[in-house]
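Below is one structure, written out as structure tokens, with a few remarks after it.
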Amino acid sequence: MNRPRVKICCISSIKEAQMAISYGASALGLVGKMPSGPGPISDELIYQISQSVPPPIATFLLTSETKAQEIIKHQQAVKTNTIQIVDALSEGTYSEIKAAIPSVKLVQVIHVIDESSVDEAIEISQHVDALLLDSGNPNLKVKELGGTGRVHNWQLSRKIRESIDIPLFLAGGLKAENVKAAIEEVEPFGLDLCSGVRTNGELDPKKLEVFFSNVY
């Protein structure tokens, strides 16, 4: 079994970015404006952090924009090397985004709710560079688009992983206590977490150390 990459999300400062990388993160999540959930920061700060990160670390812009042209504009303002689209596209296409910013990787979030999430994932996997499985619910009146801290049905995640040909990141309630079980159950390309390595909202060096020791 390959060791999964780790993406630390909700990065709020250059200091947090450096800390996450020092413990072994190969990707950082930078949260733009959201209807709910933890960690949103200004586009100016996302730009500053993304420009401070050394290659080959991936910088993910979490955008709640759903129109292709607005997603393109958001990335161009912050200059991350990856876009994490946390909601379904409502206007335009993935190919439109790729044509405008061909060097930027596209990661689509699939909120794993039921069997229909498997079909959605398989279809979308043909158009993006990776999928990220999370535990939100975009169908609520105030959309949950990530950062819930909840674990979803990993059997569905495993089914998705076995049905697609692109990398898959697993998110949703991951922490040191359950990460080994998550890796065994799903065998994801990457892991994504926010609250599982934080104390009172701050990135916690001890939790980072224990989490990474349980991954590797």
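Residues are named by chain letter and number: chains run A, B, ... in the order of the structure tokens, numbers start at 1 in each chain, and ligands are numbered from 1 in the order shown.
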
Item to check | Who sits within 6 Å of range 94-104 of chain A, only C-alpha atoms, same chain under 2 positions skipped, as a PyMOL selection string | outcome: chain A and resi 68+81-82

Saved selection, atoms kept: C-alpha atoms, as a compact mmCIF listing (two decimals), in the first residue's frame:
```txt
# COMPACT_ATOMS: atom_id res chain seq x y z
CA ALA A 68 -16.38 28.73 -14.66
CA ASN A 81 -1.27 26.06 -8.37
CA THR A 82 -4.44 24.04 -7.69
```

Item to check | Contacts of range 108-110 of chain A within 12 Å, only C-alpha atoms, excl. fewer than 6 positions in-chain, as a PyMOL selection string | outcome: chain A and resi 60-64+66+82-89+94+116-138+144-147+152+156-157+160-161+166-172+192

Next on the checklist: Can you measure CA of Phe189 in chain A to CA of Asn153 in chain A for me? One decimal in Å is fine.
Outcome noted: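 Between CA of Phe189 in chain A and CA of Asn153 in chain A the gap is 17.4 Å.
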
Next on the checklist: Going by DSSP on the backbone, which residues of range 34-126 of chain A come out as helix (DSSP H, G or I)? List them as JSON, numbers by chain.
Outcome noted: {"A": [43, 44, 45, 46, 47, 48, 49, 50, 51, 52, 68, 69, 70, 71, 72, 73, 74, 75, 76, 77, 78, 94, 95, 96, 97, 98, 99, 100, 115, 116, 117, 118, 119, 120, 121, 122, 123, 124]}

Next on the checklist: Using only C-alpha atoms, which protein or nucleic acid residues come within 12 Å of Lys206 in chain A? Drop anything in the same chain fewer than 2 positions from it, and give the result as a ChimeraX atom specification.
Outcome noted: /A:19-20,23,176,196-199,202-204,208-213

Checklist entry - Taking into account only C-alpha atoms, which residue in the set A:Pro205, A:Cys10, A:Val112, A:Lys15 is nearest to Ser52 in chain A? => result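 Comparing A:Pro205, A:Cys10, A:Val112, A:Lys15 against Ser52 in chain A, the winner is A:Lys15.
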
Checklist outcome for this item: Ile8 in chain A proximity check over A:Leu193, A:Val53, A:Ala181, A:Val215, using only C-alpha atoms: winner is A:Leu193

Next on the checklist: So, with only C-alpha atoms as the atoms that count, which of A:Ser12, A:Ser36, A:Ser90, A:Ser42 lies closest to Ile71 in chain A?
Outcome noted: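 Smallest separation from Ile71 in chain A among the options: A:Ser90.
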